[in-house]
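Chemist: Questions regarding the structure given below will be posed in turn.
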Amino acid sequence: MDNLKKIIFGAALIITTSAGNSCGAFEVVYPKNLAMNTDAASTFFVGSAEAGSTLTINNKPVKIWENGSFVEVVTLHDGENSFILESTSGNEKKSIKYSITKNCPNKTAKTEPPLEEFGADEYIYALALCDGVPLREKPNEKAPRITHLSKNTALMVNGKQGEWYRVSLGPEKNAWVNSKKVVNHSLINGKLYASVEDVSLRDDKNYEYIESTMDIKTPFSVKEVDGGLQLEIFGVKSNAADSKIFKPMNSVKNVAIATAQSTANSTYYVELNHKLWGYDCYYDGKKLVLKIRKAPQIDKNAPLKGLVIGIDAGHGGNDSGAIGPTGVKEKDINLDLAAKLKAELEKAGAQVLMTREDDTNVPLYDRPNKAKEADALILVSLHANSLPDGADPYKKHGTSVFYYNNESKQLAKTIQERMITDLGTANDGFNRSSLVLTRPTMPLCVLLEVAYMLHPTEYMLMLDENFRKKTAASIRAGLEQYMTESTLSEQN
Ligand SMILES: [Zn+2]
């Protein structure tokens with residue numbers, strides 16, 4: 001808290017100091033530079049002005065909020081737009097000129113490089129360079145991900161477009177990988193298919209495992225389906241467990257495996273006794289492991305007792321996140337809220353894992369990994385929202401929660417509904433979004449945007465200690481409600 005108090009106080013101090021030596025002072029936090037380019041049809045000026053002063057943009061008066069914030073949307077025409085910000089306090093005037101260029105729409109569509117088709121039985125044999133290499137639906141970095149590859153997964157490449165390799169996932173199914181993310185590009189003749197030599201089930205305290213022993217590592221994908229999971233291993237010619245009957249376990253009710261010669265895919269239909277509480281699929285050597293979390297046992301009177309919950313304070317270090325009109329940084333608000341939430345959860349009996357506890361830079365991908373290594377059941381990432389050029393901060397605001405995997409959808413919905421009820425903030429929805437902090441399948445992951453840094457009254461709320469306390473209590477209540485409801489429905 002001390003840190004945040006200092007920063008908020010510091011921001012207030014700057015305004016007072018400016019007023020002391022030059023009347024009519026104001027500070028602009030966005031746009032960051034006096035000249036900028038954008039593709040959007042509008043942008044906004046965000047900053048703060050000294051109490052008692054007036055501010056105009058191109059002679060039009062701008063509303064200054066009670067804490068000195070101003071947020072003003074301006075429309076842009078193609079080419080250069082000039083804006084003069086002028087403040088008056090008594091006889092003193094201060095003005096700054098901004099030049100914002102709206103890029104003209106580029107009508108010439110980018111031409112794609114030609115597709116190189118290989119011969120009918122010609123392949124490049126390539127191996128994934130590291131863990132987490134995405135296989136995509138189309139040859140570009142923005143295309144949806146089909147799955148992620150483990151290091152040294154063997155790929156059969158049957159075509160090339162620019163720097164992208166087309167990967168065969170069966171006779172009719174292809175995916176794309178960036179050729180810079182694979183190694184050992186040797187040419188082979190004929191297909192390179194794997195055999196699954198054995199499949200077995202085992203468990204430990206928190207997890208059940210379905211383990212497939214393979215002779216080579218080929219790509220796989222896992223899908224959430226009604227009642228469980230569907231694992232598909234690509235490029236498989238045979239699976240010794242095709243007709244195997246498995247003894248049911250605590251969580252895994254049934255596993256049925258079918259391998260189709262026509263598609264060279266082995267599909268595992270995994271039926272569960274309860275909803276999904278997290279899963280992971282990875283290679284351990286040449287063994288493909290599907291790891292499934294058992295349902296947590298909860299105490300109805302203290303539903304968070306004994307659970308491990310991860311808290312991620314968004315941004316940190318040299319990544320400030322969004323910056324509010326008076327200069328307070330999102331990273332500091334997030335960290336303060338994270339500490340308050342930690343206290344709430346510990347009071348409720350949970351064990352808390354923080355991805356950062358001070359103002360440091362924690363790489364994005366390390367954050368969910370830390371939570372996973374600590375065996376966290378849930379990971380909550382805390383943020384305050386921002387907007388790009390073209391949006392209107394007065395229209396788009398409120399509380400939103402993001403999830404990606406279906407298993408986390410109800411968690412996102414419960415927390416978001418709890419927050420808008422408890423905090424009285426506008427409903428900005430619960431939304432599916434592919435983010436580093438929402439994509440992991442274990443732990444259950446949600447990302448909270450408590451309110452907007454660019455909305456003057458929401459920003460004032462975020463700076464209010466009591467509001468942050470109330471927010472932490474509301475998130476704790478949302479987590480308790482989710483745990484109670486989802487474990488109760490299981491018993492029915
Ligand atoms: Zn953020």
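Order determines the names: the first chain of the structure tokens is A, the second B, and so forth; residues in each chain are numbered 1 upward, and ligands are numbered 1 upward as they are shown.
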If DSSP is run on the backbone, what residues of segment 268-369 of chain A are strand (DSSP E or B)? A reply as a ChimeraX atom specification would be ideal.
Modeler: /A:268-272,279-284,287-293,299,302,308-313,316,319,323,329,351-354
Chemist: Distance limit 7 Å, reference ligand 1, atoms considered: only C-alpha atoms and all ligand atoms. Which residues make the cut? Give them as a list in words.
Modeler: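 Within the 7 Å cut-off, the matching residues are Gly314, His315, Gly321, Ala322, Glu330, His383, Ala384 and Asn385 of chain A.
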Chemist: Convert the current residue selection to file output with N, CA and C atoms, as a compact mmCIF listing (two decimals), in the first residue's frame.
Modeler:
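Just written: part.txt:
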```
# COMPACT_ATOMS: atom_id res chain seq x y z
N GLY A 314 -1.08 -8.13 -12.68
CA GLY A 314 -0.69 -7.86 -14.07
C GLY A 314 0.43 -6.82 -14.18
N HIS A 315 1.31 -7.01 -15.20
CA HIS A 315 2.41 -6.09 -15.51
C HIS A 315 3.45 -6.05 -14.38
N GLY A 321 1.74 -1.18 -17.74
CA GLY A 321 0.33 -1.38 -18.06
C GLY A 321 -0.26 -0.03 -18.45
N ALA A 322 -1.56 0.14 -18.23
CA ALA A 322 -2.22 1.40 -18.59
C ALA A 322 -1.81 2.49 -17.60
N GLU A 330 -1.08 1.28 -13.85
CA GLU A 330 -1.89 0.08 -13.61
C GLU A 330 -1.13 -0.96 -12.79
N HIS A 383 -6.12 -7.06 -13.47
CA HIS A 383 -5.79 -5.95 -14.36
C HIS A 383 -6.79 -4.81 -14.21
N ALA A 384 -6.39 -3.64 -14.75
CA ALA A 384 -7.32 -2.53 -14.94
C ALA A 384 -7.27 -2.22 -16.43
N ASN A 385 -8.40 -1.97 -17.02
CA ASN A 385 -8.51 -1.98 -18.47
C ASN A 385 -8.09 -0.68 -19.15
```
Chemist: Tell me which protein, DNA and RNA residues are within 6 Å of segment 145-150 of chain A, counting only C-alpha atoms, leaving out same-chain ones fewer than 4 positions away, and put them as a ChimeraX atom specification.
Modeler: /A:131-136,221
Chemist: For the residues in the current selection, export C-alpha atoms as a PDB file, in the first residue's frame.
Modeler:
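So the final result, stored in part24.pdb, reads:
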```pdb
ATOM      1  CA  ASP A 131       8.012 -26.666 -26.029  1.00  0.00           C
ATOM      2  CA  GLY A 132       4.883 -24.686 -26.862  1.00  0.00           C
ATOM      3  CA  VAL A 133       5.393 -24.195 -30.617  1.00  0.00           C
ATOM      4  CA  PRO A 134       1.910 -23.373 -31.986  1.00  0.00           C
ATOM      5  CA  LEU A 135       0.377 -25.258 -34.913  1.00  0.00           C
ATOM      6  CA  ARG A 136      -2.006 -22.855 -36.659  1.00  0.00           C
ATOM      7  CA  SER A 221      -4.494 -32.117 -29.599  1.00  0.00           C
TER       8      SER A 221
END
```
Chemist: Do you know which residues are at most 8 Å from Ala41 of chain A counting only C-alpha atoms, after dropping those on the same chain fewer than 4 positions away, and could you put them as a ChimeraX atom specification?
Modeler: /A:75-77,102,389-390
Chemist: Tell me which protein, DNA and RNA residues are within 10 Å of Asp366 of chain A, counting only C-alpha atoms, leaving out same-chain ones fewer than 6 positions away, and put them as a list in words.
Modeler: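 In the requested format, the answer is Thr355, Lys372, Val436 and Leu437 of chain A.
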Chemist: Only C-alpha atoms, please: the residues just picked out, written as a PDB file, in the first residue's frame.
Modeler:
```
ATOM      1  CA  THR A 355       3.332 -14.550  -9.407  1.00  0.00           C
ATOM      2  CA  LYS A 372       1.002 -24.762 -12.241  1.00  0.00           C
ATOM      3  CA  VAL A 436      -1.248 -16.043 -22.242  1.00  0.00           C
ATOM      4  CA  LEU A 437      -3.055 -15.814 -18.884  1.00  0.00           C
TER       5      LEU A 437
END
```
Chemist: What does the distance between atom CA of Asn103 of chain A and atom CA of Phe44 of chain A come to in Å, to one decimal place?
Modeler: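 Result for atom CA of Asn103 of chain A versus atom CA of Phe44 of chain A: 16.4 Å, one decimal.
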Chemist: List the neighbours of segment 412-419 of chain A out to 8 Å using only C-alpha atoms; skip same-chain residues closer than 5 positions along the sequence, and give me the result as an mmCIF file with C-alpha atoms, in the first residue's frame.
Modeler:
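Writing the result to selection00.cif gives the following:
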```cif
data_model
loop_
_atom_site.group_PDB
_atom_site.id
_atom_site.type_symbol
_atom_site.label_atom_id
_atom_site.label_comp_id
_atom_site.auth_asym_id
_atom_site.auth_seq_id
_atom_site.Cartn_x
_atom_site.Cartn_y
_atom_site.Cartn_z
ATOM 1 C CA THR A 399 -16.012 -4.757 -15.152
ATOM 2 C CA SER A 400 -15.146 -7.680 -17.405
ATOM 3 C CA VAL A 401 -13.672 -11.152 -16.901
ATOM 4 C CA PHE A 402 -11.878 -13.173 -19.594
ATOM 5 C CA TYR A 403 -11.517 -16.933 -19.967
ATOM 6 C CA GLY A 424 -22.017 -1.451 -8.736
ATOM 7 C CA THR A 425 -19.774 -1.130 -11.798
ATOM 8 C CA GLY A 429 -19.282 -8.871 -19.903
ATOM 9 C CA PHE A 430 -17.410 -12.132 -19.477
ATOM 10 C CA VAL A 446 -9.433 -16.174 -15.525
ATOM 11 C CA THR A 471 -13.028 -5.538 -4.871
ATOM 12 C CA SER A 474 -15.942 -9.499 -3.918
ATOM 13 C CA ILE A 475 -13.434 -11.682 -5.819
ATOM 14 C CA ALA A 477 -16.871 -14.176 -2.485
ATOM 15 C CA GLY A 478 -17.039 -15.055 -6.201
ATOM 16 C CA LEU A 479 -14.448 -17.815 -5.745
ATOM 17 C CA GLN A 481 -19.605 -19.158 -4.601
ATOM 18 C CA TYR A 482 -18.021 -20.945 -7.576
#
```
